[in-house]
Amino acid sequence: MPLLPLQKIQAITVARAYFIDRKTKSQIADEMAISRFRVARILDNAIERGLVKFVIAEQEEIDIALSQQLTKKFGLNQAVVLAGPDLPASALTQQLGILGAAAVEELLMPGMSVGVASGRVLSAVADALTHLPVLDVVQAAGAQPGMEFSHNSIELIHRIATISGGKAHPIYIPMWVDNEETARNLLREPSVAAVHERYNHLDVLITGIGSWNPPASCMFTTFPDDWRRQVLAAGVCADICTTIVDKRGRVVPSPLDRLSLSMRDEQVRNVPEVVAIAGGQEKYVAIAASLIGKWVTTLITDAGTARYLLALDPMTLS
């Protein structure tokens with residue numbers, strides 16, 4: 001039954017007062033000499049009858065539906081998906097950096113201890129950051145030979161700490177060394193030991209995801225040749241921070257187990273919030289491995305990657 005003219009006038013008056021003028025139900029009730037419960041019923045009726053309609057503005061740069069579907073399928077805390085076509089990783093670095101920076105600025109809270117890995121996309125994130133709360137910023141990965149300086153974890157933590165006004169906690173050592181005795185001695189050095197202890201108490205780790213097959217990873221390019229052959233033969237698929245995993249997300253044994261001076265896989269596993277920022281066609285399988293292995297809690301990626309992940313057979317995820 002349609003609303004009568006006086007009922008319609010009353011419903012529209014109440015709706016305008018509540019939704020446009022932002023008055024409370026109690027204020028409207030007093031002004032119109034009706035009960036607050038009557039105001040609530042009028043508003044509900046106005047919505048049901050189409051007198052009030054809601055328009056939710058879609059964010060053109062974010063694919064909301066893919067973000068929600070990805071979060072649900074992989075049990076993530078959240079996913080943020082950059083809208084657009086399927087693209088290679090090289091075409092997405094800056095866009096993912098901007099989107100990742102916005103998400104990081106939203107996620108990080110004052111006083112947090114935040115680990116930062118290395119890589120191109122994290123450098124793009126640091127470029128795009130504008131405001132952060134005061135944080136402890138911890139270098140999660142030692143320097144890799146041949147890596148561009150702006151992509152290195154040492155440089156990144158100083159840039160991020162400067163933006164936040166917090167403290168940087170660097171380790172001025174390589175990601176790995178050539179023999180176990182040197183590794184043991186360096187890990188006993190007080191400043192290095194102090195940073196390694198911080199790995200056990202991180203609130204957030206921010207990392208990229210590298211692909212090993214096809215190769216789209218800084219670790220892949222900087223690994224010694226004999227190490228690379230060894231881990232490829234063992235089925236390495238991806239790296240997350242300094243942890244290397246196979247297609248099922250299982251840790252692949254490597255010389256890093258004895259010679260690494262960076263964050264260990266068990267320490268990565270224990271961080272409550274691991275934010276991974278990665279995307280692109282070359283990285284589809286690597287990102288899937290990271291999610292299947294439950295290494296990531298928040299994923300910032302592109303629509304092409306999201307569509308690939310959502311098309312995976314659920315049986316492969318168990």
# chains A, B, ... in the order shown; residues from 1 in each chain; ligands from 1
$ residues_around --residues "A:Ile277" --least-positions-apart "6" --cutoff "9 Å" --atoms "only C-alpha atoms" --output "list in words"
Leu96, Gly97, Gly100, Val121, Leu122, Val125, Ile206, Thr207, Gly208, Ile209, Thr298, Leu299, Ile300 and Thr301 of chain A
$ write_last_selection --atoms "N, CA, C and O atoms" --output "mmCIF file, in the first residue's frame"
data_model
loop_
_atom_site.group_PDB
_atom_site.id
_atom_site.type_symbol
_atom_site.label_atom_id
_atom_site.label_comp_id
_atom_site.auth_asym_id
_atom_site.auth_seq_id
_atom_site.Cartn_x
_atom_site.Cartn_y
_atom_site.Cartn_z
ATOM 1 N N LEU A 96 51.813 -0.272 -6.794
ATOM 2 C CA LEU A 96 51.742 -1.062 -5.559
ATOM 3 C C LEU A 96 52.447 -0.342 -4.415
ATOM 4 O O LEU A 96 52.030 -0.453 -3.256
ATOM 5 N N GLY A 97 53.512 0.410 -4.733
ATOM 6 C CA GLY A 97 54.183 1.193 -3.696
ATOM 7 C C GLY A 97 53.266 2.243 -3.104
ATOM 8 O O GLY A 97 53.201 2.421 -1.881
ATOM 9 N N GLY A 100 50.514 0.370 -1.210
ATOM 10 C CA GLY A 100 51.103 -0.210 -0.008
ATOM 11 C C GLY A 100 51.386 0.829 1.046
ATOM 12 O O GLY A 100 51.153 0.604 2.243
ATOM 13 N N VAL A 121 59.794 -3.003 -4.535
ATOM 14 C CA VAL A 121 58.466 -2.510 -4.180
ATOM 15 C C VAL A 121 58.480 -1.835 -2.816
ATOM 16 O O VAL A 121 57.771 -0.855 -2.594
ATOM 17 N N LEU A 122 59.329 -2.308 -1.891
ATOM 18 C CA LEU A 122 59.413 -1.649 -0.582
ATOM 19 C C LEU A 122 60.070 -0.282 -0.711
ATOM 20 O O LEU A 122 59.729 0.648 0.031
ATOM 21 N N VAL A 125 57.320 1.859 -1.736
ATOM 22 C CA VAL A 125 56.483 2.169 -0.567
ATOM 23 C C VAL A 125 57.100 3.319 0.227
ATOM 24 O O VAL A 125 56.408 4.291 0.585
ATOM 25 N N ILE A 206 57.046 -5.881 7.286
ATOM 26 C CA ILE A 206 56.675 -5.432 5.945
ATOM 27 C C ILE A 206 57.675 -6.025 4.958
ATOM 28 O O ILE A 206 58.888 -5.820 5.088
ATOM 29 N N THR A 207 57.167 -6.760 3.985
ATOM 30 C CA THR A 207 58.050 -7.484 3.076
ATOM 31 C C THR A 207 57.470 -7.528 1.675
ATOM 32 O O THR A 207 56.264 -7.335 1.481
ATOM 33 N N GLY A 208 58.329 -7.780 0.702
ATOM 34 C CA GLY A 208 57.873 -8.139 -0.624
ATOM 35 C C GLY A 208 57.823 -9.652 -0.733
ATOM 36 O O GLY A 208 58.051 -10.373 0.246
ATOM 37 N N ILE A 209 57.510 -10.149 -1.912
ATOM 38 C CA ILE A 209 57.565 -11.583 -2.199
ATOM 39 C C ILE A 209 58.327 -11.743 -3.507
ATOM 40 O O ILE A 209 57.960 -11.147 -4.522
ATOM 41 N N THR A 298 48.434 -9.985 5.747
ATOM 42 C CA THR A 298 47.853 -8.902 4.946
ATOM 43 C C THR A 298 48.562 -8.876 3.604
ATOM 44 O O THR A 298 49.789 -8.810 3.551
ATOM 45 N N LEU A 299 47.774 -8.930 2.522
ATOM 46 C CA LEU A 299 48.343 -8.929 1.174
ATOM 47 C C LEU A 299 47.879 -7.697 0.415
ATOM 48 O O LEU A 299 46.684 -7.409 0.357
ATOM 49 N N ILE A 300 48.836 -6.992 -0.163
ATOM 50 C CA ILE A 300 48.538 -5.863 -1.044
ATOM 51 C C ILE A 300 49.051 -6.256 -2.419
ATOM 52 O O ILE A 300 50.259 -6.467 -2.608
ATOM 53 N N THR A 301 48.132 -6.397 -3.378
ATOM 54 C CA THR A 301 48.490 -6.956 -4.672
ATOM 55 C C THR A 301 47.649 -6.331 -5.771
ATOM 56 O O THR A 301 46.896 -5.378 -5.532
#
$ residues_around --residues "A:Lys25" --least-positions-apart "4" --cutoff "8 Å" --atoms "only C-alpha atoms" --output "mmCIF file with N, CA and C atoms, in the first residue's frame"
data_model
loop_
_atom_site.group_PDB
_atom_site.id
_atom_site.type_symbol
_atom_site.label_atom_id
_atom_site.label_comp_id
_atom_site.auth_asym_id
_atom_site.auth_seq_id
_atom_site.Cartn_x
_atom_site.Cartn_y
_atom_site.Cartn_z
ATOM 1 N N TYR A 18 17.468 13.393 9.583
ATOM 2 C CA TYR A 18 18.389 12.392 10.126
ATOM 3 C C TYR A 18 19.625 12.202 9.238
ATOM 4 N N ALA A 29 12.496 13.651 17.302
ATOM 5 C CA ALA A 29 11.275 13.334 18.055
ATOM 6 C C ALA A 29 10.764 14.554 18.804
ATOM 7 N N ARG A 36 10.697 8.752 19.989
ATOM 8 C CA ARG A 36 11.934 8.360 19.309
ATOM 9 C C ARG A 36 11.744 7.034 18.573
ATOM 10 N N VAL A 39 10.129 7.685 15.302
ATOM 11 C CA VAL A 39 11.123 8.181 14.346
ATOM 12 C C VAL A 39 11.869 7.005 13.717
ATOM 13 N N ALA A 40 12.271 6.051 14.536
ATOM 14 C CA ALA A 40 13.007 4.885 14.028
ATOM 15 C C ALA A 40 12.157 4.087 13.050
#
$ residues_around --residues "stretch 76-81 of chain A" --least-positions-apart "4" --cutoff "12 Å" --atoms "only C-alpha atoms" --output "PyMOL selection string"
chain A and resi 59-72+85+92+95-96+98-104+107+272-280+290-292+294-307+309
$ residues_around --residues "A:Leu156" --least-positions-apart "6" --cutoff "8 Å" --atoms "only C-alpha atoms" --output "list in words"
Val116, Ser118, Leu122, Ser123, Ala126 and Ser150 of chain A
$ write_last_selection --atoms "all heavy atoms" --output "compact mmCIF listing (two decimals), in the first residue's frame"
# COMPACT_ATOMS: atom_id res chain seq x y z
N VAL A 116 61.40 -4.35 8.56
CA VAL A 116 61.34 -3.99 7.14
C VAL A 116 62.36 -4.83 6.38
O VAL A 116 63.54 -4.84 6.72
CB VAL A 116 61.60 -2.49 6.93
CG1 VAL A 116 61.56 -2.15 5.44
CG2 VAL A 116 60.59 -1.64 7.70
N SER A 118 63.69 -5.93 2.25
CA SER A 118 64.31 -5.12 1.20
C SER A 118 63.63 -5.40 -0.13
O SER A 118 62.80 -6.32 -0.25
CB SER A 118 65.81 -5.43 1.12
OG SER A 118 66.00 -6.82 0.90
N LEU A 122 59.33 -2.31 -1.89
CA LEU A 122 59.41 -1.65 -0.58
C LEU A 122 60.07 -0.28 -0.71
O LEU A 122 59.73 0.65 0.03
CB LEU A 122 60.18 -2.52 0.41
CG LEU A 122 59.52 -3.86 0.78
CD1 LEU A 122 60.21 -4.45 2.01
CD2 LEU A 122 58.03 -3.71 1.05
N SER A 123 61.00 -0.14 -1.65
CA SER A 123 61.57 1.17 -1.91
C SER A 123 60.49 2.11 -2.44
O SER A 123 60.43 3.29 -2.07
CB SER A 123 62.71 1.05 -2.92
OG SER A 123 63.29 2.31 -3.18
N ALA A 126 58.40 3.22 0.50
CA ALA A 126 59.07 4.28 1.27
C ALA A 126 58.99 5.62 0.54
O ALA A 126 58.81 6.67 1.17
CB ALA A 126 60.54 3.89 1.50
N SER A 150 69.14 2.05 -2.83
CA SER A 150 67.82 2.52 -2.41
C SER A 150 66.85 1.39 -2.12
O SER A 150 65.83 1.59 -1.47
CB SER A 150 67.22 3.44 -3.48
OG SER A 150 67.00 2.73 -4.69
$ select_by_dssp --residues "stretch 51-196 of chain A" --states "alpha helix (DSSP H)" --output "number ranges by chain"
A: 64-74, 93-107, 120-128, 153-164, 180-188, 190-196
$ write_last_selection --atoms "C-alpha atoms" --output "compact mmCIF listing (two decimals), in the first residue's frame"
# COMPACT_ATOMS: atom_id res chain seq x y z
CA ILE A 64 36.61 -4.03 -3.42
CA ALA A 65 35.07 -7.34 -4.50
CA LEU A 66 38.41 -9.00 -5.23
CA SER A 67 39.81 -7.68 -1.93
CA GLN A 68 36.94 -9.22 0.02
CA GLN A 69 37.05 -12.54 -1.87
CA LEU A 70 40.81 -12.87 -1.39
CA THR A 71 40.55 -12.15 2.32
CA LYS A 72 37.90 -14.82 2.76
CA LYS A 73 39.48 -17.54 0.59
CA PHE A 74 42.90 -17.39 2.25
CA THR A 93 56.05 -1.33 -8.79
CA GLN A 94 55.07 2.31 -8.40
CA GLN A 95 51.31 1.67 -8.16
CA LEU A 96 51.74 -1.06 -5.56
CA GLY A 97 54.18 1.19 -3.70
CA ILE A 98 51.59 3.97 -3.48
CA LEU A 99 48.81 1.59 -2.45
CA GLY A 100 51.10 -0.21 -0.01
CA ALA A 101 52.15 3.07 1.60
CA ALA A 102 48.53 4.09 2.13
CA ALA A 103 47.72 0.72 3.71
CA VAL A 104 50.81 0.78 5.92
CA GLU A 105 50.00 4.30 7.12
CA GLU A 106 46.57 3.02 8.12
CA LEU A 107 47.78 -0.19 9.80
CA ARG A 120 62.09 -2.67 -5.27
CA VAL A 121 58.47 -2.51 -4.18
CA LEU A 122 59.41 -1.65 -0.58
CA SER A 123 61.57 1.17 -1.91
CA ALA A 124 58.49 2.40 -3.80
CA VAL A 125 56.48 2.17 -0.57
CA ALA A 126 59.07 4.28 1.27
CA ASP A 127 58.96 6.84 -1.57
CA ALA A 128 55.19 7.16 -1.21
CA SER A 153 66.94 -2.72 4.00
CA ILE A 154 69.55 -0.49 5.68
CA GLU A 155 68.53 2.49 3.58
CA LEU A 156 64.81 1.71 3.84
CA ILE A 157 64.67 1.61 7.63
CA HIS A 158 66.41 4.98 7.91
CA ARG A 159 64.01 6.54 5.41
CA ILE A 160 60.97 5.12 7.19
CA ALA A 161 62.24 6.03 10.67
CA THR A 162 62.82 9.61 9.51
CA ILE A 163 59.21 9.87 8.34
CA SER A 164 57.88 8.44 11.60
CA GLU A 180 79.88 -20.66 10.07
CA GLU A 181 82.53 -19.34 12.45
CA THR A 182 82.23 -15.83 10.99
CA ALA A 183 78.44 -16.06 11.26
CA ARG A 184 78.61 -17.11 14.91
CA ASN A 185 81.05 -14.33 15.78
CA LEU A 186 79.00 -11.64 14.08
CA LEU A 187 75.78 -12.82 15.72
CA ARG A 188 77.48 -12.50 19.13
CA PRO A 190 76.28 -6.81 20.85
CA SER A 191 74.67 -4.45 18.32
CA VAL A 192 73.79 -7.35 16.00
CA ALA A 193 72.53 -9.51 18.87
CA ALA A 194 70.31 -6.65 20.04
CA VAL A 195 68.62 -6.36 16.64
CA HIS A 196 68.19 -10.13 16.41
$ residues_around --residues "A:Trp176" --least-positions-apart "3" --cutoff "7 Å" --atoms "only C-alpha atoms" --output "count of residues only"
4
$ residues_around --residues "A:Val114" --least-positions-apart "3" --cutoff "7 Å" --atoms "only C-alpha atoms" --output "ChimeraX atom specification"
/A:136-138,202-205
$ closest_residue --among "A:Ala89, A:Ile173, A:Cys218, A:Ala233" --to "A:His151" --atoms "only C-alpha atoms"
A:Cys218
$ closest_residue --among "A:Ala141, A:Glu282, A:Leu43, A:Val14" --to "A:Glu31" --atoms "only C-alpha atoms"
A:Val14
